[in-house]
$ cat coords_9.txt   # compact mmCIF, C-alpha atoms and all ligand atoms
# COMPACT_ATOMS: atom_id res chain seq x y z
CA MET A 1 -5.98 76.11 -88.10
CA TYR A 2 -2.69 77.92 -87.56
CA MET A 3 -4.24 81.38 -87.43
CA ASP A 4 -2.01 84.26 -86.54
CA GLU A 5 0.79 81.82 -85.97
CA LYS A 6 3.39 84.56 -86.03
CA LYS A 7 2.27 85.65 -82.62
CA VAL A 8 1.56 82.29 -81.07
CA ILE A 9 4.94 80.55 -80.98
CA SER A 10 6.87 82.17 -78.18
CA GLU A 11 10.36 83.36 -78.90
CA GLU A 12 11.50 81.59 -75.79
CA LEU A 13 10.45 78.22 -77.21
CA LEU A 14 12.12 78.86 -80.56
CA ASN A 15 15.21 80.14 -78.78
CA SER A 16 15.67 77.01 -76.74
CA ILE A 17 16.53 75.04 -79.89
CA LYS A 18 19.83 74.94 -81.66
CA ILE A 19 20.72 73.34 -84.94
CA VAL A 20 24.21 71.86 -84.88
CA LEU A 21 26.03 71.08 -88.13
CA VAL A 22 29.09 68.88 -87.68
CA GLY A 23 32.01 69.01 -90.10
CA THR A 24 30.10 70.57 -92.98
CA THR A 25 32.21 70.47 -96.16
CA HIS A 26 30.18 72.67 -98.49
CA PRO A 27 29.56 76.25 -97.28
CA GLY A 28 26.51 76.40 -99.56
CA ASN A 29 24.85 73.85 -97.32
CA ILE A 30 25.52 76.02 -94.27
CA GLY A 31 23.83 78.98 -95.99
CA ALA A 32 20.89 76.90 -97.17
CA ALA A 33 20.46 75.44 -93.68
CA ALA A 34 20.45 78.95 -92.17
CA ARG A 35 17.68 79.94 -94.58
CA ALA A 36 15.67 76.77 -93.85
CA MET A 37 15.94 77.55 -90.14
CA LYS A 38 14.94 81.21 -90.36
CA ASN A 39 11.93 80.29 -92.51
CA MET A 40 10.72 78.25 -89.52
CA GLY A 41 11.67 80.84 -86.91
CA ILE A 42 14.63 78.90 -85.49
CA LEU A 43 17.71 81.12 -85.36
CA ASN A 44 20.39 79.41 -83.29
CA LEU A 45 22.97 77.84 -85.57
CA VAL A 46 26.03 76.06 -84.21
CA LEU A 47 28.87 74.87 -86.42
CA VAL A 48 31.35 72.24 -85.30
CA GLU A 49 34.55 72.25 -87.32
CA PRO A 50 33.11 73.66 -90.56
CA LYS A 51 35.53 73.26 -93.46
CA GLU A 52 34.98 76.81 -94.71
CA PHE A 53 33.31 79.49 -92.60
CA PRO A 54 32.64 82.40 -92.86
CA SER A 55 32.13 82.07 -96.59
CA ASP A 56 30.67 84.17 -99.40
CA VAL A 57 28.95 81.10 -100.80
CA ALA A 58 27.24 80.48 -97.46
CA THR A 59 26.14 84.11 -97.26
CA TYR A 60 24.78 84.01 -100.81
CA ARG A 61 22.82 80.81 -100.23
CA SER A 62 21.37 82.10 -96.95
CA LYS A 63 19.48 84.88 -98.78
CA ALA A 64 17.72 86.87 -96.04
CA ALA A 65 19.12 84.69 -93.26
CA LYS A 66 22.55 86.34 -93.12
CA ASP A 67 21.89 87.26 -89.52
CA VAL A 68 21.65 83.56 -88.64
CA LEU A 69 25.14 83.06 -90.08
CA GLU A 70 26.48 86.13 -88.32
CA MET A 71 25.17 84.93 -84.98
CA ALA A 72 26.35 81.34 -85.47
CA ASP A 73 28.63 79.86 -82.81
CA VAL A 74 31.61 77.81 -83.92
CA PHE A 75 33.02 74.96 -81.82
CA SER A 76 35.84 72.50 -82.37
CA ASP A 77 34.10 69.66 -80.56
CA LEU A 78 30.49 68.39 -80.56
CA LYS A 79 30.61 67.45 -76.88
CA GLU A 80 31.34 71.03 -75.96
CA ALA A 81 28.70 72.36 -78.38
CA VAL A 82 25.89 70.38 -76.73
CA SER A 83 27.09 70.35 -73.13
CA ASP A 84 24.34 72.75 -71.98
CA CYS A 85 21.50 70.81 -73.66
CA GLU A 86 19.13 68.50 -71.81
CA LEU A 87 17.85 66.93 -75.03
CA VAL A 88 20.24 66.10 -77.85
CA ILE A 89 18.87 64.50 -81.00
CA GLY A 90 21.19 63.07 -83.64
CA THR A 91 20.20 62.54 -87.26
CA SER A 92 21.23 59.67 -89.48
CA ALA A 93 20.68 58.89 -93.14
CA ARG A 94 20.91 55.24 -92.30
CA GLY A 95 18.08 53.76 -90.24
CA ARG A 96 19.96 52.07 -87.46
CA THR A 97 23.59 53.02 -87.15
CA ILE A 98 23.89 51.83 -83.57
CA PRO A 99 20.93 50.44 -81.58
CA TRP A 100 19.45 53.53 -79.94
CA PRO A 101 15.96 55.01 -79.52
CA LEU A 102 15.01 55.84 -83.11
CA LEU A 103 12.25 58.25 -84.09
CA ASN A 104 10.82 59.69 -87.27
CA PRO A 105 10.87 63.49 -87.71
CA LYS A 106 7.32 64.01 -86.45
CA GLU A 107 7.93 61.97 -83.29
CA ALA A 108 11.20 63.77 -82.73
CA ALA A 109 9.49 67.14 -83.19
CA ASN A 110 6.93 66.22 -80.53
CA GLU A 111 9.75 65.39 -78.12
CA VAL A 112 11.35 68.72 -78.95
CA SER A 113 8.18 70.69 -78.43
CA ASN A 114 7.62 69.07 -75.02
CA ALA A 115 11.21 69.54 -73.96
CA ALA A 116 11.63 73.11 -75.20
CA VAL A 117 9.18 74.37 -72.57
CA SER A 118 11.86 74.08 -69.92
CA ASN A 119 14.98 72.65 -71.56
CA LYS A 120 17.63 73.39 -74.13
CA VAL A 121 17.51 71.19 -77.20
CA ALA A 122 20.07 70.44 -79.93
CA ILE A 123 19.43 68.72 -83.25
CA VAL A 124 22.71 67.45 -84.65
CA PHE A 125 23.46 66.91 -88.35
CA GLY A 126 26.45 65.10 -89.82
CA ARG A 127 29.00 65.47 -92.57
CA GLU A 128 27.85 65.34 -96.18
CA ASP A 129 30.05 62.35 -97.00
CA ARG A 130 29.91 60.24 -93.86
CA GLY A 131 27.34 61.61 -91.43
CA LEU A 132 28.03 61.45 -87.68
CA THR A 133 30.52 59.07 -86.06
CA ASN A 134 29.28 56.44 -83.61
CA GLU A 135 30.93 58.42 -80.86
CA GLU A 136 28.98 61.54 -81.84
CA LEU A 137 25.73 59.54 -82.09
CA GLY A 138 26.52 58.21 -78.61
CA LEU A 139 26.29 61.75 -77.20
CA CYS A 140 22.63 61.91 -78.22
CA ASN A 141 19.52 60.94 -76.25
CA MET A 142 17.76 59.73 -79.35
CA HIS A 143 18.22 59.44 -83.07
CA VAL A 144 16.00 60.53 -85.91
CA HIS A 145 15.82 59.12 -89.39
CA ILE A 146 13.83 60.68 -92.22
CA PRO A 147 12.16 57.60 -93.74
CA SER A 148 13.65 58.01 -97.20
CA ASP A 149 13.93 55.26 -99.82
CA PRO A 150 16.51 52.75 -98.56
CA GLU A 151 17.90 52.55 -102.11
CA TYR A 152 18.98 56.18 -101.81
CA SER A 153 18.46 57.27 -98.24
CA SER A 154 20.76 60.25 -97.94
CA LEU A 155 19.16 63.68 -98.36
CA ASN A 156 21.01 66.89 -99.01
CA LEU A 157 22.08 68.24 -95.61
CA SER A 158 20.08 71.48 -95.78
CA GLN A 159 16.98 69.63 -96.96
CA ALA A 160 17.25 67.28 -93.98
CA VAL A 161 17.50 70.39 -91.77
CA GLN A 162 14.41 71.82 -93.49
CA ILE A 163 12.32 68.73 -92.76
CA LEU A 164 13.27 68.70 -89.09
CA VAL A 165 12.74 72.41 -88.44
CA TYR A 166 9.44 72.30 -90.32
CA GLU A 167 8.17 69.43 -88.18
CA ILE A 168 9.31 71.25 -85.04
CA ARG A 169 7.37 74.34 -86.07
CA VAL A 170 4.24 72.28 -86.74
CA ALA A 171 4.62 70.52 -83.38
CA PHE A 172 4.93 73.90 -81.62
CA LEU A 173 1.82 75.15 -83.35
CA GLU A 174 -0.11 72.04 -82.36
CA GLU A 175 1.11 71.69 -78.81
CA GLN A 176 1.59 75.18 -77.57
CA ASN A 177 -0.29 74.45 -74.46
CA ALA A 178 1.32 71.11 -73.76
CA ASP A 179 2.89 71.46 -70.38
CA ASP A 180 5.31 68.67 -69.67
CA TYR A 181 5.41 68.69 -65.90
CA TRP A 182 8.39 67.25 -64.08
CA ASP A 183 9.32 68.09 -60.50
CA VAL A 184 13.10 68.29 -61.05
CA ASP A 185 15.18 69.74 -63.89
CA LEU A 186 16.48 67.21 -66.39
CA ALA A 187 20.23 66.62 -66.33
CA ASN A 188 22.05 68.32 -69.17
CA ASN A 189 24.47 66.53 -71.46
CA GLU A 190 27.53 67.45 -69.41
CA GLN A 191 25.95 66.20 -66.17
CA THR A 192 25.00 62.91 -67.83
CA GLU A 193 28.50 62.49 -69.27
CA LEU A 194 30.01 63.07 -65.81
CA LEU A 195 27.69 60.43 -64.37
CA ILE A 196 28.62 57.88 -67.05
CA ASN A 197 32.33 58.58 -66.47
CA HIS A 198 31.86 58.20 -62.73
CA MET A 199 30.14 54.84 -63.16
CA ASP A 200 32.92 53.69 -65.48
CA GLU A 201 35.52 54.77 -62.92
CA LEU A 202 33.78 52.73 -60.23
CA MET A 203 33.37 49.71 -62.50
CA GLN A 204 37.09 49.81 -63.24
CA GLN A 205 37.94 50.14 -59.54
CA VAL A 206 35.97 46.99 -58.65
CA GLU A 207 37.27 45.27 -61.81
CA PHE A 208 33.75 44.78 -63.03
CA TYR A 209 34.95 44.33 -66.58
CA ASP A 210 38.11 43.64 -68.52
CA VAL A 211 39.36 47.10 -69.59
CA ASP A 212 41.20 45.50 -72.50
CA ASN A 213 38.00 43.92 -73.70
CA PRO A 214 34.97 45.95 -72.57
CA ARG A 215 32.84 44.63 -75.45
CA LYS A 216 29.58 46.56 -75.56
CA LEU A 217 29.28 47.19 -71.82
CA LEU A 218 30.05 50.90 -71.88
CA LEU A 219 27.82 51.47 -74.89
CA ARG A 220 24.95 49.75 -73.09
CA VAL A 221 25.49 51.70 -69.88
CA ARG A 222 25.65 54.91 -71.90
CA ARG A 223 22.51 54.03 -73.81
CA PHE A 224 20.65 53.31 -70.58
CA PHE A 225 21.39 56.72 -69.08
CA LYS A 226 20.73 58.60 -72.32
CA ARG A 227 17.47 56.79 -72.92
CA SER A 228 16.18 57.30 -69.40
CA ARG A 229 16.34 61.12 -69.68
CA ILE A 230 17.67 61.24 -66.16
CA ASP A 231 17.03 64.32 -63.98
CA VAL A 232 19.49 66.25 -61.82
CA MET A 233 18.33 64.70 -58.55
CA GLU A 234 18.67 61.18 -59.97
CA THR A 235 22.14 62.04 -61.24
CA ASN A 236 23.11 63.20 -57.75
CA ILE A 237 21.74 60.02 -56.16
CA PHE A 238 23.82 57.79 -58.45
CA ARG A 239 26.95 59.87 -58.11
CA GLY A 240 26.49 60.03 -54.33
CA LEU A 241 26.19 56.26 -54.23
CA PHE A 242 29.25 55.76 -56.43
CA ALA A 243 31.30 58.16 -54.29
CA THR A 244 30.22 56.36 -51.08
CA ILE A 245 31.23 52.99 -52.51
CA GLN A 246 34.57 54.44 -53.60
CA LYS A 247 35.15 55.78 -50.09
CA LYS A 248 34.41 52.40 -48.51
CA LEU A 249 36.79 50.73 -50.95
CA LYS A 250 39.70 52.77 -49.67
N1 LIG B 1 26.72 58.95 -96.22
C1 LIG B 1 26.26 59.65 -95.08
C2 LIG B 1 25.20 60.63 -95.50
C3 LIG B 1 25.24 61.85 -94.74
S1 LIG B 1 24.05 63.00 -95.32
C4 LIG B 1 25.71 58.66 -94.08
O1 LIG B 1 25.42 57.54 -94.47
O2 LIG B 1 25.52 58.96 -92.91
C5 LIG B 1 24.46 64.39 -94.32
C6 LIG B 1 23.59 64.59 -93.14
O3 LIG B 1 22.25 64.92 -93.56
C7 LIG B 1 23.41 63.39 -92.23
O4 LIG B 1 24.47 63.25 -91.34
C8 LIG B 1 22.12 63.77 -91.52
O5 LIG B 1 22.40 64.76 -90.56
C9 LIG B 1 21.32 64.41 -92.65
N2 LIG B 1 20.47 63.42 -93.35
C10 LIG B 1 20.54 63.08 -94.65
N3 LIG B 1 19.62 62.15 -94.95
C11 LIG B 1 18.94 61.90 -93.80
C12 LIG B 1 17.85 61.04 -93.45
N4 LIG B 1 17.27 60.22 -94.32
N5 LIG B 1 17.42 61.07 -92.17
C13 LIG B 1 18.00 61.87 -91.24
N6 LIG B 1 19.02 62.69 -91.53
C14 LIG B 1 19.48 62.72 -92.77
$ encode --input "coords_9.txt" --output "structure tokens"
Amino acid sequence: MYMDEKKVISEELLNSIKIVLVGTTHPGNIGAAARAMKNMGILNLVLVEPKEFPSDVATYRSKAAKDVLEMADVFSDLKEAVSDCELVIGTSARGRTIPWPLLNPKEAANEVSNAAVSNKVAIVFGREDRGLTNEELGLCNMHVHIPSDPEYSSLNLSQAVQILVYEIRVAFLEEQNADDYWDVDLANNEQTELLINHMDELMQQVEFYDVDNPRKLLLRVRRFFKRSRIDVMETNIFRGLFATIQKKLK
């Protein structure tokens, strides 16, 4: 079924994906993740505030994927690390951390394979001891949970990476010809964040909510825009409208 697969997945598709590890404590996990990625042809590794990197342990555990470690980008902030991505998927060992679109790995991989045709994609993994913060999960368009046993739901970090990159590879192999047509480019994470900030600014100007007690308003607004996978033109329409209202207010 997957005959000659080496030739059929384009490098461009594989290149549009990055695996982001946030706050990794054990360098061995970074090395093992690099190996898991290279096995599936995904080479872009991004580290956000790793505790120890570069590291001999990481290099040892990466086996023949040392190049993935050498090419890895290091950031101090997740927001910055994913700012150029149109699709950001966060992973969580717990089913529902905050109410957000939640997929299993296969569903997530299908989203990735559709998006990677024309967009940059990031899959974000959390810290070994406490995963991703709610704020970090809030930067994501959707969340993915590997349906593990609820009695012991937390996988080793690199094994969670392996499952995701494997499913992505399978989805690529199955849907190479899927052509997700859209007339306008999707907004990237930075553009969406600017839109959400702009809406918040306007809401504060018209005293739409009590800034001392916003309750879940901002989370809901944020979830709406992330879930809708808004495109650049739509972003411009909203921001244009907000700016016009702000001008009239003056
Ligand atoms: N105690 C932490 C566990 C983190 S496990 C928590 O409850 O969040 C470290 C990382 O591995 C997670 O942040 C996630 O990126 C990944 N991971 C582990 N198990 C997972 C699962 N069942 N589904 C999705 N990701 C998982």
$ residues_around --input "coords_9.txt" --residues "Ala171 (chain A)" --least-positions-apart "4" --cutoff "12 Å" --atoms "only C-alpha atoms" --output "list in words"
Tyr2, Ile9, Leu13, Leu14, Met40, Pro105, Lys106, Glu107, Ala108, Ala109, Asn110, Glu111, Val112, Ser113, Asn114, Ala115, Ala116, Leu164, Val165, Tyr166, Glu167, Glu175, Gln176, Asn177 and Ala178 of chain A
$ residues_near_ligand --input "coords_9.txt" --ligand "ligand LIG 1 (chain B)" --cutoff "9 Å" --atoms "all atoms listed in the file" --output "PDB file with C-alpha atoms, keeping the file's coordinate frame"
ATOM      1  CA  LEU A  21      26.030  71.080 -88.130  1.00  0.00           C
ATOM      2  CA  VAL A  22      29.090  68.880 -87.680  1.00  0.00           C
ATOM      3  CA  THR A  24      30.100  70.570 -92.980  1.00  0.00           C
ATOM      4  CA  GLY A  90      21.190  63.070 -83.640  1.00  0.00           C
ATOM      5  CA  THR A  91      20.200  62.540 -87.260  1.00  0.00           C
ATOM      6  CA  SER A  92      21.230  59.670 -89.480  1.00  0.00           C
ATOM      7  CA  ALA A  93      20.680  58.890 -93.140  1.00  0.00           C
ATOM      8  CA  ARG A  94      20.910  55.240 -92.300  1.00  0.00           C
ATOM      9  CA  GLY A  95      18.080  53.760 -90.240  1.00  0.00           C
ATOM     10  CA  THR A  97      23.590  53.020 -87.150  1.00  0.00           C
ATOM     11  CA  ASN A 104      10.820  59.690 -87.270  1.00  0.00           C
ATOM     12  CA  PRO A 105      10.870  63.490 -87.710  1.00  0.00           C
ATOM     13  CA  ILE A 123      19.430  68.720 -83.250  1.00  0.00           C
ATOM     14  CA  VAL A 124      22.710  67.450 -84.650  1.00  0.00           C
ATOM     15  CA  PHE A 125      23.460  66.910 -88.350  1.00  0.00           C
ATOM     16  CA  GLY A 126      26.450  65.100 -89.820  1.00  0.00           C
ATOM     17  CA  ARG A 127      29.000  65.470 -92.570  1.00  0.00           C
ATOM     18  CA  GLU A 128      27.850  65.340 -96.180  1.00  0.00           C
ATOM     19  CA  ASP A 129      30.050  62.350 -97.000  1.00  0.00           C
ATOM     20  CA  ARG A 130      29.910  60.240 -93.860  1.00  0.00           C
ATOM     21  CA  GLY A 131      27.340  61.610 -91.430  1.00  0.00           C
ATOM     22  CA  LEU A 132      28.030  61.450 -87.680  1.00  0.00           C
ATOM     23  CA  THR A 133      30.520  59.070 -86.060  1.00  0.00           C
ATOM     24  CA  HIS A 143      18.220  59.440 -83.070  1.00  0.00           C
ATOM     25  CA  VAL A 144      16.000  60.530 -85.910  1.00  0.00           C
ATOM     26  CA  HIS A 145      15.820  59.120 -89.390  1.00  0.00           C
ATOM     27  CA  ILE A 146      13.830  60.680 -92.220  1.00  0.00           C
ATOM     28  CA  PRO A 147      12.160  57.600 -93.740  1.00  0.00           C
ATOM     29  CA  SER A 148      13.650  58.010 -97.200  1.00  0.00           C
ATOM     30  CA  ASP A 149      13.930  55.260 -99.820  1.00  0.00           C
ATOM     31  CA  PRO A 150      16.510  52.750 -98.560  1.00  0.00           C
ATOM     32  CA  TYR A 152      18.980  56.180-101.810  1.00  0.00           C
ATOM     33  CA  SER A 153      18.460  57.270 -98.240  1.00  0.00           C
ATOM     34  CA  SER A 154      20.760  60.250 -97.940  1.00  0.00           C
ATOM     35  CA  LEU A 155      19.160  63.680 -98.360  1.00  0.00           C
ATOM     36  CA  ASN A 156      21.010  66.890 -99.010  1.00  0.00           C
ATOM     37  CA  LEU A 157      22.080  68.240 -95.610  1.00  0.00           C
ATOM     38  CA  SER A 158      20.080  71.480 -95.780  1.00  0.00           C
ATOM     39  CA  GLN A 159      16.980  69.630 -96.960  1.00  0.00           C
ATOM     40  CA  ALA A 160      17.250  67.280 -93.980  1.00  0.00           C
ATOM     41  CA  VAL A 161      17.500  70.390 -91.770  1.00  0.00           C
ATOM     42  CA  LEU A 164      13.270  68.700 -89.090  1.00  0.00           C
TER      43      LEU A 164
END
$ closest_residue --input "coords_9.txt" --among "A:Val74, A:Leu249, A:Val68, A:Ala58" --to "Met37 (chain A)" --atoms "all atoms listed in the file"
A:Val68
$ residues_around --input "coords_9.txt" --residues "Glu49 (chain A)" --least-positions-apart "3" --cutoff "7 Å" --atoms "all atoms listed in the file" --output "MDAnalysis selection string"
chainID A and resid 22:23 75:76
$ atom_distance --input "coords_9.txt" --atom1 "CA of Trp100 (chain A)" --atom2 "CA of Asn134 (chain A)"
10.9 Å
$ atom_distance --input "coords_9.txt" --atom1 "CA of Leu173 (chain A)" --atom2 "CA of Val46 (chain A)"
24.2 Å
$ atom_distance --input "coords_9.txt" --atom1 "CA of Leu78 (chain A)" --atom2 "CA of Phe53 (chain A)"
16.6 Å
$ closest_residue --input "coords_9.txt" --among "A:Ala34, A:Thr235, A:Ile163, A:Asp200" --to "Arg220 (chain A)" --atoms "all atoms listed in the file"
A:Asp200
$ closest_atom_pairs --input "coords_9.txt" --of "region 106-213 of chain A" --to "region 221-233 of chain A" --cutoff "10 Å" --atoms "only C-alpha atoms" --output "CSV"
residue,atom,partner,partner_atom,distance
A:Gly138,CA,A:Arg223,CA,7.5
A:Leu139,CA,A:Lys226,CA,8.0
A:Cys140,CA,A:Lys226,CA,7.0
A:Asn141,CA,A:Lys226,CA,4.7
A:Met142,CA,A:Arg227,CA,7.1
A:Trp182,CA,A:Asp231,CA,9.1
A:Asp183,CA,A:Asp231,CA,9.3
A:Val184,CA,A:Asp231,CA,6.3
A:Asp185,CA,A:Asp231,CA,5.7
A:Leu186,CA,A:Asp231,CA,3.8
A:Ala187,CA,A:Val232,CA,4.6
A:Asn188,CA,A:Val232,CA,8.1
A:Asn189,CA,A:Lys226,CA,8.8
A:Gln191,CA,A:Val232,CA,7.8
A:Thr192,CA,A:Phe225,CA,7.3
A:Glu193,CA,A:Arg222,CA,8.5
A:Leu195,CA,A:Phe225,CA,8.7
A:Ile196,CA,A:Arg222,CA,6.4
A:Asn197,CA,A:Arg222,CA,9.4
A:Met199,CA,A:Val221,CA,8.8
A:Asp200,CA,A:Val221,CA,8.9
$ axis_aligned_box --input "coords_9.txt" --around "region 106-114 of chain A" --padding-each-side "4 Å" --output "lines of an AutoDock Vina configuration file"
center_x = 9.1
center_y = 66.3
center_z = -80.7
size_x = 12.4
size_y = 16.7
size_z = 19.4
$ closest_residue --input "coords_9.txt" --among "A:Gly240, A:Ile98, A:Gln204, A:Lys247" --to "Lys216 (chain A)" --atoms "only C-alpha atoms"
A:Ile98
$ build_atoms --input "coords_9.txt" --residues "region 128-139 of chain A" --atoms "N, CA and C atoms" --output "short mmCIF file (atom, residue, chain, number, x, y, z; two decimals), in the coordinates of the input"
data_model
loop_
_atom_site.label_atom_id
_atom_site.label_comp_id
_atom_site.auth_asym_id
_atom_site.auth_seq_id
_atom_site.Cartn_x
_atom_site.Cartn_y
_atom_site.Cartn_z
N GLU A 128 28.48 65.72 -94.92
CA GLU A 128 27.85 65.34 -96.18
C GLU A 128 28.28 63.94 -96.64
N ASP A 129 29.58 63.63 -96.45
CA ASP A 129 30.05 62.35 -97.00
C ASP A 129 29.89 61.18 -96.05
N ARG A 130 29.99 61.42 -94.73
CA ARG A 130 29.91 60.24 -93.86
C ARG A 130 29.10 60.43 -92.59
N GLY A 131 28.26 61.46 -92.57
CA GLY A 131 27.34 61.61 -91.43
C GLY A 131 28.04 61.85 -90.11
N LEU A 132 27.47 61.31 -89.02
CA LEU A 132 28.03 61.45 -87.68
C LEU A 132 28.77 60.16 -87.31
N THR A 133 29.82 60.28 -86.51
CA THR A 133 30.52 59.07 -86.06
C THR A 133 29.68 58.40 -84.96
N ASN A 134 29.99 57.15 -84.69
CA ASN A 134 29.28 56.44 -83.61
C ASN A 134 29.48 57.15 -82.27
N GLU A 135 30.66 57.71 -82.11
CA GLU A 135 30.93 58.42 -80.86
C GLU A 135 30.02 59.65 -80.74
N GLU A 136 29.85 60.36 -81.84
CA GLU A 136 28.98 61.54 -81.84
C GLU A 136 27.52 61.12 -81.63
N LEU A 137 27.11 60.02 -82.28
CA LEU A 137 25.73 59.54 -82.09
C LEU A 137 25.51 59.11 -80.64
N GLY A 138 26.60 58.65 -80.00
CA GLY A 138 26.52 58.21 -78.61
C GLY A 138 26.31 59.36 -77.63
N LEU A 139 26.53 60.58 -78.07
CA LEU A 139 26.29 61.75 -77.20
C LEU A 139 24.80 62.12 -77.18
#
